[in-house]
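**Student:** Handing you a structure now.
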Amino acid sequence: MSVNCIGIDSSNGSLIEVRFSAAIEGVDPWLGTVEDPPYLAPGFIDLQVNGFAGVDFNSPDAPIEEIGRAIRRLFSSGVTRFFPTVITGAPEDMLAAIRNLARAREALPEGGAMEGIHVEGPFISPLEGARGAHPARWTRPPDLEEFRRWQDAAQGAVRMVTLSPEWPEAPRFIEAVTREGVVAAIGHTAANTQQIADAVAAGATLSTHLGNGAQSMLPRHPNYIWDQMAEDRLAASFIVDGIHLPPNFLKVAFRAKGLERCVLITDAVMPAGCEPGPYMLGEMEVQLHSDGSVRLRSGNTLAGSALMMHQGVSNLMRLAGLSLRDAITLATRNPARVGRVHNRQRGLVPGDRGDLIQFRIDPETKALRIEKTWLSGREVYSAPGSKA
């Protein structure tokens, strides 16, 4: 059964009618009048979600029904597709977490929102600062056999791996996984210029949360942030919560990369959407502070974020000065292209998936309020009081 929505196209400001079910069937100008129409856009795509609403996707013991509850909460932020992300840990724990996510993906009615799995680590820098909040004792060199165990556990759903090119094994690993259609991303690295160049030549196409997962003091030049910003074959993801990156860095990085190569992510962790207080992320003790930051309780290092995607889109406009059209693109078409999410790369166009959101914007604060979310034509979220 098709759904008909009338609203303002967020890409060009025109009033349109969208007809869709599992896929978008038609998009036409609406010639009638509508009082106070909402905005319409493709659903958001988040390539890095470690957990949400009190559920840790890294936990092998996360109940499947709780993963479903977290996904339903993600729908309220406008997310329709995401990559649950497993970070550095003991080999057996990472494998069990991946297997648990794969089971949830198959069993849950909301499981289709889990587009693929992102494994961030353990093949990252062991150095303080560069590895961020990842536990040092579990960092290790890239290992294709371990990757293949992940894919077996995931039923082929591992779609992205973040690693550091400073390991001698990195180029061969990148060549192998990219041949299988997996996105190889550079992150949590202390790699030198040549190592980054070798990773890109081997097939790396993304910088994971560029500007973070880095030492606090770097050489003026060269350094691995400049090297990645200058490399046009690398797209880059950014955590735009107003905490991880200052506005001036965002503006410079967006100019260097070009908006077509920039992707909004949340890097959300389990406390996202919860009340401030102490939490556990696997073996790590963290604190969700009242300012929205999530930090290790020892050392104060940032440990992911509590950002939600609709807030990130608002922050792109408010902090980086982007238009609504560009901010939406960084949360929809760009991550679809970079993450190789099929039938989501063109926007509100017939043939793309029926993943849509209806929302409103506060003209002063730029805050977004999600009113409705559809996944493949099925309404999965409706805000209290929103119009039919």
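Lettering and numbering for the structure tokens are positional, with chains as A, B, ... in the shown order, residues counted from 1 in each chain, and ligands counted from 1 in the shown order.
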Quick one: everything within 8 Å of Gly377 in chain A, counting only C-alpha atoms, minus sequence neighbours fewer than 4 positions away in the same chain. Send it as a compact mmCIF listing (two decimals) with C-alpha atoms, in the first residue's frame.

**Tutor:**
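Resulting contents of out_35.txt:
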# COMPACT_ATOMS: atom_id res chain seq x y z
CA SER A 2 1.45 3.35 -1.06
CA VAL A 3 1.89 6.36 1.21
CA PHE A 20 6.11 5.66 -1.96
CA SER A 21 5.98 2.16 -0.56
CA ALA A 22 9.13 0.02 -0.34
CA ALA A 23 10.53 2.34 -3.00
CA GLY A 354 11.01 4.50 0.60
CA ASP A 355 12.98 5.80 3.59
CA LEU A 356 11.58 9.26 4.40

**Student:** Within 10 Å of Glu175 in chain A, counting only C-alpha atoms, which residues qualify if same-chain residues fewer than 2 places away don't, as a list in words?

**Tutor:**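 Near neighbours after the sequence-gap exclusion: Ala170, Pro171, Arg172, Phe173, Val177, Thr178, Arg179, Glu180, Val182, Ala184, Ala199, Val200, Ala201, Ala202, Gly203 and Ala204 of chain A.
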
**Student:** Limited to C-alpha atoms, could you put the picked residues into a file as a PDB file, in the first residue's frame?

**Tutor:**
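This is the output file part08.pdb:
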ATOM      1  CA  ALA A 170      47.659  -2.675   6.408  1.00  0.00           C
ATOM      2  CA  PRO A 171      48.021  -2.354   2.593  1.00  0.00           C
ATOM      3  CA  ARG A 172      47.563  -6.075   1.969  1.00  0.00           C
ATOM      4  CA  PHE A 173      44.598  -6.156   4.355  1.00  0.00           C
ATOM      5  CA  VAL A 177      38.739  -6.479   2.096  1.00  0.00           C
ATOM      6  CA  THR A 178      37.992  -3.890  -0.586  1.00  0.00           C
ATOM      7  CA  ARG A 179      37.993  -6.663  -3.211  1.00  0.00           C
ATOM      8  CA  GLU A 180      35.097  -8.111  -1.206  1.00  0.00           C
ATOM      9  CA  VAL A 182      34.014  -3.714   2.224  1.00  0.00           C
ATOM     10  CA  ALA A 184      38.303   0.425   4.297  1.00  0.00           C
ATOM     11  CA  ALA A 199      46.585   2.850   2.283  1.00  0.00           C
ATOM     12  CA  VAL A 200      44.793   5.010  -0.283  1.00  0.00           C
ATOM     13  CA  ALA A 201      46.615   3.296  -3.146  1.00  0.00           C
ATOM     14  CA  ALA A 202      45.471  -0.043  -1.682  1.00  0.00           C
ATOM     15  CA  GLY A 203      41.827   1.094  -1.707  1.00  0.00           C
ATOM     16  CA  ALA A 204      41.031   3.055   1.482  1.00  0.00           C
TER      17      ALA A 204
END

**Student:** Pick out the closest residue to Val119 in chain A from this set: A:Val313, A:Leu47, A:Ile225, A:Met280. Count only C-alpha atoms.

**Tutor:** A:Leu47

**Student:** Dump as a tab-separated table the rows for residues of range 242-334 of chain A within 9 Å of range 128-150 of chain A: closest atom pair and distance in Å with one decimal, only C-alpha atoms counted, ordered by chain and rising residue number.

**Tutor:**
residue	atom	partner	partner_atom	distance
A:Glu283	CA	A:Pro135	CA	8.5
A:Met284	CA	A:Pro135	CA	8.0
A:Arg295	CA	A:Ala133	CA	8.5
A:Leu296	CA	A:Ala133	CA	7.2
A:Thr301	CA	A:Ala133	CA	6.5
A:Leu302	CA	A:Ala133	CA	6.8
A:Ala303	CA	A:Ala133	CA	5.3
A:Gly304	CA	A:Ala133	CA	8.1

**Student:** Keeping C-alpha atoms for every residue in the selection just given, could you write it to a file as an mmCIF file, in the first residue's frame?

**Tutor:**
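Full text of out-v2.cif as output:
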data_model
loop_
_atom_site.group_PDB
_atom_site.id
_atom_site.type_symbol
_atom_site.label_atom_id
_atom_site.label_comp_id
_atom_site.auth_asym_id
_atom_site.auth_seq_id
_atom_site.Cartn_x
_atom_site.Cartn_y
_atom_site.Cartn_z
ATOM 1 C CA GLU A 283 35.300 -2.787 30.280
ATOM 2 C CA MET A 284 35.487 1.037 30.225
ATOM 3 C CA ARG A 295 34.269 10.749 28.663
ATOM 4 C CA LEU A 296 36.375 8.071 30.313
ATOM 5 C CA THR A 301 39.255 11.263 27.173
ATOM 6 C CA LEU A 302 36.204 11.515 24.917
ATOM 7 C CA ALA A 303 34.605 8.081 24.463
ATOM 8 C CA GLY A 304 32.173 8.440 21.590
#

**Student:** Please report, as a PyMOL selection string, each residue of range 127-375 of chain A to which DSSP assigns helix (DSSP H, G or I) when run on this structure's backbone.

**Tutor:** chain A and resi 136-138+144-154+170-179+193-202+224-230+247-257+259-261+309-320+324-331+333-338

**Student:** Using only C-alpha atoms, which protein or nucleic acid residues come within 12 Å of range 266-268 of chain A? Drop anything in the same chain fewer than 6 positions from it, and give the result as a ChimeraX atom specification.

**Tutor:** /A:44-57,70,74,77,79,82-87,118,120,208-210,212-213,237-244,274,281,288,292-294,302-313,315,330-331

**Student:** Just the residues within 8 Å of Leu324 in chain A, please, counting only C-alpha atoms, with nothing from its chain fewer than 6 positions along; format it as a tab-separated table (two decimals) with N, CA and C atoms, in the first residue's frame.

**Tutor:**
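Once everything was written out, this is part.tsv:
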chain	number	residue	atom	x	y	z
A	10	SER	N	13.29	19.39	1.00
A	10	SER	CA	14.40	20.03	1.70
A	10	SER	C	15.56	20.35	0.77
A	11	SER	N	15.59	19.77	-0.42
A	11	SER	CA	16.70	20.01	-1.34
A	11	SER	C	16.52	21.26	-2.18
A	317	MET	N	24.18	23.38	10.35
A	317	MET	CA	23.71	24.70	9.95
A	317	MET	C	24.18	25.77	10.93

**Student:** If you count only C-alpha atoms, which residues fall within 8 Å of Trp374 in chain A, apart from same-chain ones fewer than 4 positions away, as a ChimeraX atom specification?

**Tutor:** /A:43,80,354-357,378-381

**Student:** Go ahead and write the residues just picked, C-alpha atoms, as a PDB file, in the first residue's frame.

**Tutor:**
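Listing of out-v2.pdb after writing:
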ATOM      1  CA  GLY A  43      15.817   9.280   6.080  1.00  0.00           C
ATOM      2  CA  THR A  80      16.434   4.976   8.870  1.00  0.00           C
ATOM      3  CA  GLY A 354      11.008   4.496   0.599  1.00  0.00           C
ATOM      4  CA  ASP A 355      12.980   5.801   3.594  1.00  0.00           C
ATOM      5  CA  LEU A 356      11.584   9.261   4.400  1.00  0.00           C
ATOM      6  CA  ILE A 357      11.303  11.719   7.234  1.00  0.00           C
ATOM      7  CA  ARG A 378       6.412   1.574   6.707  1.00  0.00           C
ATOM      8  CA  GLU A 379       5.764   4.238   9.320  1.00  0.00           C
ATOM      9  CA  VAL A 380       8.146   3.481  12.189  1.00  0.00           C
ATOM     10  CA  TYR A 381       7.885   6.695  14.181  1.00  0.00           C
TER      11      TYR A 381
END

**Student:** Do a neighbour search on Glu166 in chain A at 9 Å with only C-alpha atoms, toss out local chain neighbours closer than 4 positions, and write the hits as a list in words.

**Tutor:**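 Everything that qualifies: Ile124, Ser125, Ala170, Thr189, Ala190, Ala191, Asn192, Gln195 and Ile196 of chain A.
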
**Student:** Write out, as a PDB file, in the first residue's frame, the residues just selected, with C-alpha atoms.

**Tutor:**
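That gives us result-v5.pdb:
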ATOM      1  CA  ILE A 124      44.345   0.733  15.119  1.00  0.00           C
ATOM      2  CA  SER A 125      47.250   2.632  16.619  1.00  0.00           C
ATOM      3  CA  ALA A 170      47.659  -2.675   6.408  1.00  0.00           C
ATOM      4  CA  THR A 189      46.038   6.453  13.426  1.00  0.00           C
ATOM      5  CA  ALA A 190      49.522   7.873  13.896  1.00  0.00           C
ATOM      6  CA  ALA A 191      50.502   6.953  10.329  1.00  0.00           C
ATOM      7  CA  ASN A 192      53.040   8.967   8.376  1.00  0.00           C
ATOM      8  CA  GLN A 195      51.711   5.025   5.048  1.00  0.00           C
ATOM      9  CA  ILE A 196      48.547   7.019   4.366  1.00  0.00           C
TER      10      ILE A 196
END

**Student:** Please compute the CA of Pro60 in chain A-CA of Gly273 in chain A distance, one decimal, in Å.

**Tutor:**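 Straight-line distance from CA of Pro60 in chain A to CA of Gly273 in chain A works out to 21.0 Å.
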
**Student:** Just want the 10 Å neighbourhood of Ser290 in chain A, counted on only C-alpha atoms, with same-chain residues fewer than 4 positions away dropped. Output as a ChimeraX atom specification.

**Tutor:** /A:275-277,294

**Student:** Tell me, in Å to one decimal, how far CA of Asn300 in chain A is from CA of Pro278 in chain A.

**Tutor:**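 Calculated distance between CA of Asn300 in chain A and CA of Pro278 in chain A is 12.8 Å.
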
**Student:** Please extract the residues of range 169-365 of chain A with a backbone DSSP assignment of strand (DSSP E) and present them as a ChimeraX atom specification.

**Tutor:** /A:183-186,206-207,235-239,262-265,277-281,284-288,293-296,302-305,356-361
